[in-house]
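Below is one structure, written out as structure tokens; the observations come after it.
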Amino acid sequence: MLTAVVGCGVPEQPADPSPVPEQETLRAAEAEAALLTPPAGCTEITMGELTNGIERTPVQYGPQPTYVGTFSDQGDPAAADVARIRLDVNTQPGLYDLATGGTNLFTCEQCVWGVQDSGTSTARTFVAESGSLLLALKVSPQQTIGALANVTLRQSVAAPPLSAPYTGTAPVAGGECRWIRFATWNTVRQGGCDPREGSLTANIPGHTCVASNRAADDGTLERSLGTKTHGEACTYTAATSEYELATTDCAEGFACTTAWGAPSKCMATCDFMAADPGCPTGTVCGVQGLCQEQAVQVAAGFDFDPALIGEQCTLGYAEFCGAEGARGVCLDLGGTGRGTCFPYKRARSECGSGEELGFVSYPLASGGYDRSYGFCYPDGL
């Protein structure tokens, strides 16, 4: 499991490895769950495979990591029973009590819920009121391995706040319940990595962690076999088997990409949330964790405003304000025609009292979206 994460070469028929700690933890949790019985009046259900943002078609990166799959059918067999798990970006490996969320999708930080007969007039929502969520391994916010055990989901209805970006739920008195004995998920992909500064996979020697989403907190490793640096034409060679990584002739820390147009060029990677993103002179850290000249980004439709965090902007909206190492977004929440520079954040837990995590939504090909760029703003709640 860990070998795949760092992208090391693996033989076509690898020897059986010794169990890694997270596997042992999951096995122990499953053994305990096997001895349990469903709560009185609850129907036992199972959970299928979950997918993260880049694994869905079309790609759907939410403002916080949300894994989506299905529960076993309990209603109309022609309609899907959708399963969802939402974590805070900063959720760390450990055991979490789902009762702390209060059966409320607005207040929970680790959320589990399902929608029976999703998309129909008879759809019903079930939100976890108790049980355990075990986050066993975290490669990036989008790439994790975990389990649910002894989870009771209670029939719930919409409750304030009723508008985006996060809405509430409340349990139905005497409502139906569903019960999950034990279920696991695994959204880690071959060569997966976390581009954020300080992560274990951001700076592996001889490799580059190339961001997969706009806010650059999910990525895939490439083998960096050359010496080419920012702006030089490069060659990208796709992996030839599931056990290998793609290779480039760029130096370590440079992605071979067409993100800013063909032909492929080596571009310095960066973390826009780092105190010093480390971009080459004349460039700034932009979307997709890549350094680029500000003028090029502006020409591509990404506006920059000189206002610093907390200051009034010249523009009503601009994707970037502040300075390198302290970036924000200009938003005109009061309808004055001039925005305020709100600080970019990745995690909802990083917003203070009376604040909420908003998001910038970027449309993607085939109807997908990327909402991983977050910002804290005063919501009055």
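Ligands are numbered from 1 in the order shown, chains are lettered A, B, ... in the order of the structure tokens, and residues start at 1 in each chain.
The protein and nucleic acid residues lying at most 10 Å from Thr100 of chain A are Thr107, Cys108, Glu109, Gln110, Cys111, Ala128, Glu129, Ser130 and Gly131 of chain A, with only C-alpha atoms considered and sequence neighbours fewer than 5 positions away removed.
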For the interface of segment 264-317 of chain A with segment 250-256 of chain A (cut-off 7 Å, counting only C-alpha atoms), please tabulate each contacting residue of segment 264-317 of chain A alongside its nearest pair of atoms and their separation in Å to one decimal, rows sorted by chain and increasing number, as a tab-separated table.
```
residue	atom	partner	partner_atom	distance
A:Ser264	CA	A:Cys256	CA	6.0
A:Lys265	CA	A:Cys256	CA	5.4
A:Cys266	CA	A:Cys256	CA	4.5
A:Met267	CA	A:Phe254	CA	5.1
A:Ala268	CA	A:Phe254	CA	4.4
A:Thr269	CA	A:Phe254	CA	5.7
```
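Here atom CA of Pro65 of chain A stands at a distance of 20.0 Å from atom CA of Val151 of chain A.
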Looking only at strand (DSSP E) from DSSP on the backbone, list the matching residues of segment 25-156 of chain A as number ranges by chain. A: 42-45, 60-61, 66-70, 82-87, 94-97, 110-116, 124-140, 143-156
Exercise: segment 281-285 of chain A partners within 12 Å, only C-alpha atoms, chain neighbours under 3 positions left out, as a ChimeraX atom specification: /A:214-216,230-231,267-278,288-298,304,320-327
Quick one: everything within 10 Å of Thr169 of chain A, counting only C-alpha atoms, minus sequence neighbours fewer than 6 positions away in the same chain. Send it as a list in words. Gly102, Thr103, Asn104, Leu105, Phe106, Thr107, Thr125, Phe126, Val127, Gln155, Ser156, Val157, Ala158, Ala159, Pro160, Pro161 and Leu162 of chain A
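Comparing the minimum interatomic distances between Gln64 of chain A and each of A:Leu148, A:Ala347, A:Ala123, A:Ala365, counting only C-alpha atoms, we find that A:Ala347 sits nearest.
For the pair atom CA of Val68 of chain A and atom CA of Asp379 of chain A, the interatomic distance is 27.6 Å.
DSSP annotation of segment 83-318 of chain A from backbone atoms: helix (DSSP H, G or I) residues are Leu98, Ala99, Thr100, Gly101, Val287, Gln288, Gly289, Gln294, Ala295, Val296, Gln297, Val298 and Ala299 of chain A.
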Mind dumping the selected residues with C-alpha atoms as an mmCIF file, in the first residue's frame?
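Once everything was written out, this is part12.cif:
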```
data_model
loop_
_atom_site.group_PDB
_atom_site.id
_atom_site.type_symbol
_atom_site.label_atom_id
_atom_site.label_comp_id
_atom_site.auth_asym_id
_atom_site.auth_seq_id
_atom_site.Cartn_x
_atom_site.Cartn_y
_atom_site.Cartn_z
ATOM 1 C CA LEU A 98 -19.816 10.584 14.664
ATOM 2 C CA ALA A 99 -22.198 11.581 17.486
ATOM 3 C CA THR A 100 -20.308 14.866 17.851
ATOM 4 C CA GLY A 101 -21.909 16.072 14.603
ATOM 5 C CA VAL A 287 -3.921 27.911 -10.047
ATOM 6 C CA GLN A 288 -3.012 24.226 -10.245
ATOM 7 C CA GLY A 289 0.075 24.840 -8.097
ATOM 8 C CA GLN A 294 1.170 37.355 -13.600
ATOM 9 C CA ALA A 295 0.554 39.006 -16.989
ATOM 10 C CA VAL A 296 0.002 35.582 -18.573
ATOM 11 C CA GLN A 297 -2.493 34.657 -15.874
ATOM 12 C CA VAL A 298 -4.349 37.953 -16.313
ATOM 13 C CA ALA A 299 -4.499 37.415 -20.075
#
```
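Proximity of A:Leu225, A:Ala239, A:Arg189, A:Gln23 to Thr51 of chain A, computed with only C-alpha atoms, is greatest for A:Arg189.
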Nearest candidate to Thr66 of chain A (options A:Trp113, A:Tyr373, A:Trp260, A:Phe182; using only C-alpha atoms): A:Trp113
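Reported to one decimal place, the separation of atom CA of Leu221 of chain A from atom CA of Asn203 of chain A is 9.8 Å.
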